[in-house]
$ cat my_file_11.cif   # mmCIF, C-alpha atoms
data_model
loop_
_atom_site.group_PDB
_atom_site.id
_atom_site.type_symbol
_atom_site.label_atom_id
_atom_site.label_comp_id
_atom_site.auth_asym_id
_atom_site.auth_seq_id
_atom_site.Cartn_x
_atom_site.Cartn_y
_atom_site.Cartn_z
ATOM 1 C CA MET W 398 95.605 114.804 118.447
ATOM 2 C CA LYS W 399 93.287 113.428 121.112
ATOM 3 C CA GLY W 400 90.572 110.799 121.295
ATOM 4 C CA ILE W 401 88.211 109.223 123.781
ATOM 5 C CA ILE W 402 88.160 105.501 124.479
ATOM 6 C CA LYS W 403 84.630 104.248 123.739
ATOM 7 C CA ALA W 404 85.110 100.584 124.694
ATOM 8 C CA VAL W 405 87.713 98.023 125.747
ATOM 9 C CA CYS W 406 87.363 94.375 124.741
ATOM 10 C CA ILE W 407 88.975 90.970 125.208
ATOM 11 C CA SER W 408 88.469 87.406 124.027
ATOM 12 C CA GLU W 409 89.520 84.513 126.229
ATOM 13 C CA ALA W 410 90.013 82.120 123.299
ATOM 14 C CA ARG W 411 91.375 82.552 119.785
ATOM 15 C CA GLY W 412 88.832 82.318 117.013
ATOM 16 C CA THR W 413 86.060 83.922 119.079
ATOM 17 C CA GLU W 414 84.720 87.475 118.875
ATOM 18 C CA LYS W 415 85.925 89.917 121.479
ATOM 19 C CA HIS W 416 83.425 91.201 124.027
ATOM 20 C CA GLU W 417 83.250 94.488 125.881
ATOM 21 C CA THR W 418 84.469 94.568 129.465
ATOM 22 C CA ALA W 419 84.500 97.254 132.183
ATOM 23 C CA GLN W 420 88.256 97.739 132.146
ATOM 24 C CA VAL W 421 91.446 96.085 130.940
ATOM 25 C CA ARG W 422 94.951 95.925 132.333
ATOM 26 C CA LEU W 423 97.810 96.334 129.871
ATOM 27 C CA ILE W 424 100.873 94.191 130.582
ATOM 28 C CA LYS W 425 104.220 95.248 129.140
ATOM 29 C CA ASN W 426 105.565 92.971 126.389
ATOM 30 C CA PHE W 427 102.326 90.973 126.431
ATOM 31 C CA GLY W 428 99.145 92.942 125.768
ATOM 32 C CA LEU W 429 95.825 92.784 127.584
ATOM 33 C CA GLU W 430 95.549 90.636 130.679
ATOM 34 C CA ASN W 431 93.399 87.531 129.990
ATOM 35 C CA ASP W 432 93.252 88.253 126.239
ATOM 36 C CA ALA W 433 93.994 85.229 124.058
ATOM 37 C CA HIS W 434 95.928 87.276 121.487
ATOM 38 C CA GLY W 435 98.485 88.593 123.976
ATOM 39 C CA GLY W 436 102.110 87.512 123.688
ATOM 40 C CA ASN W 437 105.642 88.684 123.085
ATOM 41 C CA TRP W 438 105.111 89.787 119.500
ATOM 42 C CA HIS W 439 104.311 92.972 117.584
ATOM 43 C CA ARG W 440 100.515 92.579 117.532
ATOM 44 C CA GLN W 441 99.757 92.654 121.257
ATOM 45 C CA VAL W 442 96.859 95.143 121.124
ATOM 46 C CA SER W 443 94.433 95.991 118.306
ATOM 47 C CA LEU W 444 92.821 99.405 117.943
ATOM 48 C CA LEU W 445 90.003 100.692 115.748
ATOM 49 C CA SER W 446 88.433 104.100 115.161
ATOM 50 C CA TYR W 447 84.886 104.402 116.512
ATOM 51 C CA GLU W 448 83.863 106.547 113.534
ATOM 52 C CA LYS W 449 84.802 103.774 111.101
ATOM 53 C CA VAL W 450 82.521 101.337 112.910
ATOM 54 C CA GLU W 451 79.701 103.909 112.853
ATOM 55 C CA GLU W 452 80.168 104.399 109.105
ATOM 56 C CA PHE W 453 80.155 100.635 108.568
ATOM 57 C CA ASN W 454 76.969 100.208 110.572
ATOM 58 C CA ALA W 455 75.314 103.099 108.730
ATOM 59 C CA ARG W 456 75.718 100.980 105.586
ATOM 60 C CA GLY W 457 73.828 98.140 107.257
ATOM 61 C CA GLY W 458 76.772 96.327 108.830
ATOM 62 C CA ASN W 459 75.134 95.864 112.231
ATOM 63 C CA ALA W 460 78.484 95.131 113.922
ATOM 64 C CA ALA W 461 78.558 94.924 117.706
ATOM 65 C CA ILE W 462 81.434 96.313 119.778
ATOM 66 C CA GLY W 463 84.348 93.875 119.565
ATOM 67 C CA ALA W 464 83.012 92.144 116.459
ATOM 68 C CA PHE W 465 86.009 93.245 114.362
ATOM 69 C CA GLY W 466 88.450 91.832 116.897
ATOM 70 C CA GLU W 467 89.425 95.237 118.270
ATOM 71 C CA ASN W 468 90.732 95.513 121.820
ATOM 72 C CA ILE W 469 90.321 99.271 122.062
ATOM 73 C CA LEU W 470 87.693 101.357 120.265
ATOM 74 C CA VAL W 471 88.548 105.071 120.163
ATOM 75 C CA ALA W 472 86.624 108.108 118.919
ATOM 76 C CA GLY W 473 88.492 111.052 117.440
ATOM 77 C CA ILE W 474 91.635 109.310 116.132
ATOM 78 C CA ASP W 475 91.960 108.111 112.525
ATOM 79 C CA PHE W 476 94.434 105.312 113.231
ATOM 80 C CA PRO W 477 95.472 104.272 109.671
ATOM 81 C CA LYS W 478 96.769 107.798 109.029
ATOM 82 C CA LEU W 479 99.291 107.480 111.867
ATOM 83 C CA PRO W 480 102.762 106.114 111.050
ATOM 84 C CA VAL W 481 104.249 103.039 112.662
ATOM 85 C CA GLY W 482 106.202 104.155 115.734
ATOM 86 C CA THR W 483 103.484 106.529 116.936
ATOM 87 C CA LEU W 484 103.011 106.493 120.722
ATOM 88 C CA LEU W 485 99.537 106.422 122.292
ATOM 89 C CA PHE W 486 99.053 107.623 125.884
ATOM 90 C CA ALA W 487 96.036 106.845 128.082
ATOM 91 C CA GLY W 488 96.303 107.139 131.854
ATOM 92 C CA ASP W 489 99.545 105.455 132.879
ATOM 93 C CA ALA W 490 99.570 103.209 129.809
ATOM 94 C CA VAL W 491 101.735 103.774 126.729
ATOM 95 C CA LEU W 492 101.255 101.895 123.447
ATOM 96 C CA LYS W 493 103.423 101.976 120.304
ATOM 97 C CA ILE W 494 101.852 101.376 116.900
ATOM 98 C CA THR W 495 103.682 98.556 115.111
ATOM 99 C CA GLN W 496 101.440 97.668 112.167
ATOM 100 C CA ILE W 497 98.802 99.326 110.011
ATOM 101 C CA GLY W 498 96.034 97.026 108.792
ATOM 102 C CA LYS W 499 96.380 93.287 108.322
ATOM 103 C CA GLU W 500 96.027 90.535 105.764
ATOM 104 C CA CYS W 501 92.802 88.591 106.208
ATOM 105 C CA HIS W 502 93.626 84.878 105.874
ATOM 106 C CA SER W 503 90.119 83.609 106.667
ATOM 107 C CA HIS W 504 87.038 85.772 106.399
ATOM 108 C CA CYS W 505 85.355 86.666 109.694
ATOM 109 C CA GLN W 506 81.658 86.289 110.424
ATOM 110 C CA ILE W 507 80.992 89.931 109.539
ATOM 111 C CA PHE W 508 82.549 89.511 106.088
ATOM 112 C CA LYS W 509 80.577 86.344 105.481
ATOM 113 C CA ARG W 510 77.391 88.150 106.480
ATOM 114 C CA VAL W 511 77.756 91.487 104.649
ATOM 115 C CA GLY W 512 80.719 90.953 102.291
ATOM 116 C CA ASP W 513 83.033 93.475 103.959
ATOM 117 C CA CYS W 514 85.219 93.907 107.034
ATOM 118 C CA ILE W 515 86.976 97.151 107.967
ATOM 119 C CA MET W 516 89.654 95.713 110.269
ATOM 120 C CA PRO W 517 92.136 94.725 107.504
ATOM 121 C CA ARG W 518 92.295 98.315 106.214
ATOM 122 C CA GLU W 519 91.275 100.437 109.242
ATOM 123 C CA GLY W 520 92.658 98.571 112.256
ATOM 124 C CA VAL W 521 96.117 99.077 113.734
ATOM 125 C CA PHE W 522 98.219 97.007 116.102
ATOM 126 C CA ALA W 523 100.486 98.050 118.950
ATOM 127 C CA THR W 524 102.811 96.831 121.658
ATOM 128 C CA VAL W 525 102.531 97.764 125.319
ATOM 129 C CA GLU W 526 105.440 100.031 126.247
ATOM 130 C CA GLN W 527 104.170 100.935 129.730
ATOM 131 C CA GLU W 528 101.541 99.214 131.848
ATOM 132 C CA GLY W 529 98.262 100.714 132.952
ATOM 133 C CA VAL W 530 94.516 100.206 133.268
ATOM 134 C CA LEU W 531 92.128 101.381 130.543
ATOM 135 C CA HIS W 532 88.373 101.869 130.543
ATOM 136 C CA ALA W 533 85.733 103.641 128.466
ATOM 137 C CA GLY W 534 85.743 107.421 128.823
ATOM 138 C CA MET W 535 89.501 107.819 129.182
ATOM 139 C CA GLU W 536 91.350 110.299 126.983
ATOM 140 C CA MET W 537 93.983 109.013 124.553
ATOM 141 C CA THR W 538 96.667 111.309 123.148
ATOM 142 C CA VAL W 539 98.994 110.818 120.187
ATOM 143 C CA GLN W 540 102.741 111.460 119.857
ATOM 144 C CA LEU W 541 104.204 111.061 116.374
ATOM 145 C CA PRO W 542 107.700 109.558 116.039
ATOM 146 C CA PRO W 543 110.509 112.117 115.681
ATOM 147 C CA ALA W 544 111.994 112.687 112.238
ATOM 148 C CA ASP W 545 115.403 111.505 113.457
ATOM 149 C CA ALA W 546 114.132 108.254 115.000
ATOM 150 C CA PRO W 547 116.359 105.217 114.274
ATOM 151 C CA LEU W 548 115.600 103.579 110.952
ATOM 152 C CA ARG W 549 113.748 100.261 111.057
ATOM 153 C CA ALA W 550 114.826 97.275 108.968
ATOM 154 C CA ALA W 551 113.620 93.782 108.163
ATOM 155 C CA VAL W 552 115.748 90.914 106.880
ATOM 156 C CA MET W 553 114.234 88.254 104.622
ATOM 157 C CA THR W 554 116.112 85.073 103.708
ATOM 158 C CA LEU W 555 114.874 83.175 100.644
ATOM 159 C CA SER W 556 115.900 79.531 100.675
ATOM 160 C CA ASP W 557 113.979 76.332 99.979
ATOM 161 C CA LYS W 558 116.345 74.314 102.163
ATOM 162 C CA GLY W 559 116.401 76.917 104.909
ATOM 163 C CA ALA W 560 112.606 77.106 105.022
ATOM 164 C CA ALA W 561 112.423 73.299 105.116
ATOM 165 C CA GLY W 562 114.869 73.170 108.042
ATOM 166 C CA THR W 563 117.542 71.226 106.152
ATOM 167 C CA ARG W 564 120.038 74.104 106.035
ATOM 168 C CA ILE W 565 120.966 76.591 108.751
ATOM 169 C CA ASP W 566 120.634 80.179 107.576
ATOM 170 C CA THR W 567 123.779 82.181 108.292
ATOM 171 C CA SER W 568 123.227 85.021 105.801
ATOM 172 C CA GLY W 569 120.145 86.445 107.528
ATOM 173 C CA PRO W 570 121.742 86.635 110.996
ATOM 174 C CA ALA W 571 124.839 88.213 109.422
ATOM 175 C CA ALA W 572 122.685 90.948 107.876
ATOM 176 C CA VAL W 573 120.853 91.476 111.177
ATOM 177 C CA LYS W 574 124.131 91.920 113.058
ATOM 178 C CA LEU W 575 125.586 94.382 110.568
ATOM 179 C CA LEU W 576 122.376 96.436 110.428
ATOM 180 C CA SER W 577 122.108 96.474 114.224
ATOM 181 C CA ASP W 578 125.731 97.545 114.548
ATOM 182 C CA PHE W 579 124.962 100.376 112.126
ATOM 183 C CA GLY W 580 122.098 101.626 114.323
ATOM 184 C CA TYR W 581 119.075 100.077 112.617
ATOM 185 C CA GLU W 582 116.192 98.753 114.716
ATOM 186 C CA ILE W 583 115.393 95.218 113.488
ATOM 187 C CA ALA W 584 111.620 94.911 113.153
ATOM 188 C CA GLU W 585 111.489 91.348 111.797
ATOM 189 C CA GLN W 586 113.595 88.497 110.457
ATOM 190 C CA VAL W 587 111.811 86.219 107.981
ATOM 191 C CA LEU W 588 112.726 82.905 106.316
ATOM 192 C CA LEU W 589 110.763 81.836 103.228
ATOM 193 C CA PRO W 590 111.070 79.293 100.395
ATOM 194 C CA ASP W 591 111.852 80.446 96.855
ATOM 195 C CA VAL W 592 108.226 80.994 95.860
ATOM 196 C CA GLN W 593 107.595 84.259 94.063
ATOM 197 C CA GLY W 594 104.017 84.794 95.256
ATOM 198 C CA LYS W 595 104.987 84.325 98.897
ATOM 199 C CA ILE W 596 107.970 86.634 98.539
ATOM 200 C CA GLU W 597 105.818 89.359 96.975
ATOM 201 C CA ARG W 598 103.177 89.132 99.724
ATOM 202 C CA GLU W 599 105.827 89.339 102.445
ATOM 203 C CA LEU W 600 107.565 92.312 100.841
ATOM 204 C CA LYS W 601 104.221 94.125 100.613
ATOM 205 C CA ARG W 602 103.365 93.327 104.236
ATOM 206 C CA LEU W 603 106.694 94.543 105.561
ATOM 207 C CA ALA W 604 106.623 97.716 103.446
ATOM 208 C CA ASP W 605 102.937 98.625 103.723
ATOM 209 C CA SER W 606 101.721 97.307 107.080
ATOM 210 C CA ARG W 607 104.938 97.218 109.102
ATOM 211 C CA GLN W 608 106.266 100.329 107.309
ATOM 212 C CA VAL W 609 109.917 99.339 107.705
ATOM 213 C CA ASP W 610 112.412 101.710 106.131
ATOM 214 C CA LEU W 611 114.706 99.024 104.687
ATOM 215 C CA ILE W 612 114.221 95.415 103.627
ATOM 216 C CA ILE W 613 117.348 93.371 103.006
ATOM 217 C CA THR W 614 116.752 90.094 101.191
ATOM 218 C CA THR W 615 119.363 87.335 101.043
ATOM 219 C CA GLY W 616 119.300 84.496 98.536
ATOM 220 C CA GLY W 617 117.520 83.771 95.284
ATOM 221 C CA THR W 618 119.558 86.208 93.151
ATOM 222 C CA GLY W 619 121.398 83.704 90.962
ATOM 223 C CA MET W 620 120.550 82.040 87.666
ATOM 224 C CA SER W 621 118.908 78.866 88.957
ATOM 225 C CA PRO W 622 115.274 78.365 87.835
ATOM 226 C CA ARG W 623 114.256 78.638 91.529
ATOM 227 C CA ASP W 624 116.006 82.021 91.969
ATOM 228 C CA VAL W 625 113.074 84.444 91.743
ATOM 229 C CA THR W 626 113.901 87.119 94.319
ATOM 230 C CA PRO W 627 114.624 89.862 91.736
ATOM 231 C CA GLU W 628 111.376 89.097 89.913
ATOM 232 C CA ALA W 629 109.371 89.325 93.167
ATOM 233 C CA THR W 630 111.168 92.536 94.105
ATOM 234 C CA MET W 631 110.527 94.197 90.752
ATOM 235 C CA ALA W 632 106.877 93.141 90.896
ATOM 236 C CA VAL W 633 106.257 95.165 94.082
ATOM 237 C CA ALA W 634 108.405 98.173 93.133
ATOM 238 C CA THR W 635 107.093 101.698 92.713
ATOM 239 C CA ARG W 636 110.520 103.098 91.699
ATOM 240 C CA LEU W 637 113.885 101.625 90.758
ATOM 241 C CA VAL W 638 117.202 102.388 92.487
ATOM 242 C CA PRO W 639 119.652 100.669 90.090
ATOM 243 C CA GLY W 640 122.800 102.317 91.423
ATOM 244 C CA ILE W 641 122.755 100.244 94.626
ATOM 245 C CA ALA W 642 122.739 96.889 92.818
ATOM 246 C CA GLU W 643 125.316 98.197 90.352
ATOM 247 C CA ALA W 644 127.607 99.245 93.211
ATOM 248 C CA ILE W 645 127.294 95.834 94.855
ATOM 249 C CA ARG W 646 128.178 94.021 91.644
ATOM 250 C CA ALA W 647 131.045 96.404 90.837
ATOM 251 C CA GLY W 648 132.546 96.118 94.317
ATOM 252 C CA SER W 649 132.063 92.368 94.480
ATOM 253 C CA MET W 650 133.741 91.974 91.077
ATOM 254 C CA GLN W 651 136.976 93.044 92.769
ATOM 255 C CA ILE W 652 136.648 89.920 94.924
ATOM 256 C CA THR W 653 135.233 87.362 92.480
ATOM 257 C CA LYS W 654 134.363 87.554 88.781
ATOM 258 C CA ARG W 655 131.274 85.431 89.500
ATOM 259 C CA ALA W 656 129.677 88.540 91.000
ATOM 260 C CA MET W 657 128.605 89.438 87.450
ATOM 261 C CA LEU W 658 126.173 86.510 87.594
ATOM 262 C CA SER W 659 124.154 88.010 90.454
ATOM 263 C CA ARG W 660 120.790 89.378 89.323
ATOM 264 C CA GLY W 661 120.018 91.243 92.545
ATOM 265 C CA ALA W 662 117.884 94.397 92.284
ATOM 266 C CA ALA W 663 117.305 97.472 94.444
ATOM 267 C CA VAL W 664 113.957 99.275 94.430
ATOM 268 C CA LEU W 665 111.649 101.494 96.409
ATOM 269 C CA ARG W 666 108.158 100.409 97.344
ATOM 270 C CA ASN W 667 106.770 103.814 98.246
ATOM 271 C CA LYS W 668 109.102 104.892 101.100
ATOM 272 C CA THR W 669 110.639 101.463 101.778
ATOM 273 C CA LEU W 670 113.980 100.583 100.203
ATOM 274 C CA ILE W 671 114.373 96.913 99.192
ATOM 275 C CA VAL W 672 117.865 95.590 98.434
ATOM 276 C CA ASN W 673 118.589 92.060 97.191
ATOM 277 C CA LEU W 674 121.804 90.391 98.383
ATOM 278 C CA PRO W 675 123.256 86.958 97.546
ATOM 279 C CA GLY W 676 122.611 84.037 99.875
ATOM 280 C CA SER W 677 126.015 83.426 101.456
ATOM 281 C CA LYS W 678 127.183 84.960 104.720
ATOM 282 C CA LYS W 679 130.428 86.162 103.136
ATOM 283 C CA ALA W 680 128.635 87.799 100.204
ATOM 284 C CA VAL W 681 126.180 89.545 102.517
ATOM 285 C CA GLU W 682 128.998 90.959 104.634
ATOM 286 C CA GLU W 683 130.906 92.129 101.555
ATOM 287 C CA ALA W 684 127.841 93.715 99.938
ATOM 288 C CA LEU W 685 126.712 95.570 103.052
ATOM 289 C CA ASP W 686 130.246 96.819 103.606
ATOM 290 C CA ILE W 687 130.013 98.407 100.158
ATOM 291 C CA VAL W 688 126.586 100.078 100.377
ATOM 292 C CA LEU W 689 125.519 100.373 104.013
ATOM 293 C CA PRO W 690 127.293 103.696 104.713
ATOM 294 C CA ALA W 691 125.301 105.393 101.919
ATOM 295 C CA LEU W 692 121.865 103.863 102.467
ATOM 296 C CA GLU W 693 120.626 105.969 105.402
ATOM 297 C CA HIS W 694 120.832 109.217 103.453
ATOM 298 C CA GLY W 695 118.876 107.718 100.564
ATOM 299 C CA ILE W 696 116.236 106.237 102.860
ATOM 300 C CA ARG W 697 115.722 109.525 104.681
ATOM 301 C CA LEU W 698 115.405 111.294 101.320
ATOM 302 C CA ALA W 699 112.649 108.849 100.385
ATOM 303 C CA LYS W 700 110.967 109.467 103.745
ATOM 304 C CA GLY W 701 111.266 113.228 103.298
ATOM 305 C CA THR W 702 113.312 113.692 106.468
ATOM 306 C CA ASP W 703 116.675 114.580 104.922
ATOM 307 C CA GLY W 704 117.922 117.279 102.586
ATOM 308 C CA GLU W 705 118.973 116.752 98.998
ATOM 309 C CA CYS W 706 122.504 115.614 98.132
ATOM 310 C CA CYS W 707 124.985 118.323 97.293
ATOM 311 C CA ARG W 708 128.263 117.419 95.592
ATOM 312 C CA GLN W 709 130.991 119.999 95.236
#
$ encode --input "my_file_11.cif" --output "structure tokens"
Amino acid sequence: MKGIIKAVCISEARGTEKHETAQVRLIKNFGLENDAHGGNWHRQVSLLSYEKVEEFNARGGNAAIGAFGENILVAGIDFPKLPVGTLLFAGDAVLKITQIGKECHSHCQIFKRVGDCIMPREGVFATVEQEGVLHAGMEMTVQLPPADAPLRAAVMTLSDKGAAGTRIDTSGPAAVKLLSDFGYEIAEQVLLPDVQGKIERELKRLADSRQVDLIITTGGTGMSPRDVTPEATMAVATRLVPGIAEAIRAGSMQITKRAMLSRGAAVLRNKTLIVNLPGSKKAVEEALDIVLPALEHGIRLAKGTDGECCRQ
């Protein structure tokens, strides 16, 4: 797949529309030189398909180049159809797609004017993997991630005290270490209070926009009125995977009978596996020791990159 860069844009201050410029320099682990949205995070560069802007304007949108906040406008590539991990090559520069779409927290000027904005559903975000200079007219090529690429995981800790800064989270870092040791690429680590709506939104973002393969949650699986992690997990599920939670409880029962009180669930949201673990470091280590060796096969089955199980 190939495309042609139609425009490159920057904005020197956050909260202002981007404007077209003659060329931009991409800086590794930052983004565009002199762009206010650059930084060492996963949304260093924003990209948008030129055809989507044309379609929007044909409906009376009257959006100028850069009005959607895009850094790079490209004809010939339908960005939302590309998976996270896709590499984009233009000149010497290499970008890696890290997020599809975005949640709109405050409506932009275009939305306020015409009641719609395409960036939340059509835009993608990328990191700079190799530096280079981009300008209009350059060719951009696409390289999809290999089927055997390392799996990507996110860890989410749910704790009112942890989110308030009154308790140090040890369960999340423990999960990160074990997943990393097992070969997973850690995309994000998140700490949230025990609020069901917030948990649901974050699970959806990580599964849909960040397209991680596995989300491990820690905390909020008990019987306290504030323990709502299983409810949030079930609310975003497209399919259930009960055997994982059953295995965790059965294995943990050999250590403590209180394991029967855990309400943790395991589900799929499309191709993302979500597994709830208790909130203590020890419980996380014990639970992952039980299930981690089997998870990769199941995840790759869900992704369609592994063959079916065969038991003799």
$ atom_distance --input "my_file_11.cif" --atom1 "atom CA of Leu541 of chain W" --atom2 "atom CA of Gly482 of chain W"
7.2 Å
$ resolve_selection --input "my_file_11.cif" --expression "the PyMOL selection byres ((chain W and resi 636) around 6)" --output "PyMOL selection string"
chain W and resi 634-635+637+664-665
$ residues_around --input "my_file_11.cif" --residues "segment 416-418 of chain W" --least-positions-apart "3" --cutoff "6 Å" --atoms "all atoms listed in the file" --output "PyMOL selection string"
chain W and resi 405-407+463
$ atom_distance --input "my_file_11.cif" --atom1 "atom CA of Met398 of chain W" --atom2 "atom CA of Ser446 of chain W"
13.3 Å
$ resolve_selection --input "my_file_11.cif" --expression "the PyMOL selection byres ((chain W and resi 475) around 9)" --output "number ranges by chain"
W: 445-449, 471-474, 476-479, 519
$ residues_around --input "my_file_11.cif" --residues "His532 of chain W" --least-positions-apart "2" --cutoff "9 Å" --atoms "all atoms listed in the file" --output "list in words"
Ile402, Lys403, Ala404, Val405, Thr418, Ala419, Gln420, Val421, Val530, Gly534 and Met535 of chain W
$ closest_residue --input "my_file_11.cif" --among "W:Ala464, W:Ala647, W:Leu685, W:Val609" --to "Leu575 of chain W" --atoms "only C-alpha atoms"
W:Leu685
$ residues_around --input "my_file_11.cif" --residues "Phe579 of chain W" --least-positions-apart "3" --cutoff "9 Å" --atoms "only C-alpha atoms" --output "mmCIF file with C-alpha atoms, in the coordinates of the input"
data_model
loop_
_atom_site.group_PDB
_atom_site.id
_atom_site.type_symbol
_atom_site.label_atom_id
_atom_site.label_comp_id
_atom_site.auth_asym_id
_atom_site.auth_seq_id
_atom_site.Cartn_x
_atom_site.Cartn_y
_atom_site.Cartn_z
ATOM 1 C CA LYS W 574 124.131 91.920 113.058
ATOM 2 C CA LEU W 575 125.586 94.382 110.568
ATOM 3 C CA LEU W 576 122.376 96.436 110.428
ATOM 4 C CA LEU W 689 125.519 100.373 104.013
ATOM 5 C CA PRO W 690 127.293 103.696 104.713
#
$ residues_near_point --input "my_file_11.cif" --point "(123.1, 84.2, 88.3)" --cutoff "10 Å" --atoms "all atoms listed in the file" --output "JSON, numbers by chain"
{"W": [617, 618, 619, 620, 621, 622, 624, 655, 656, 657, 658, 659, 660, 661, 675]}
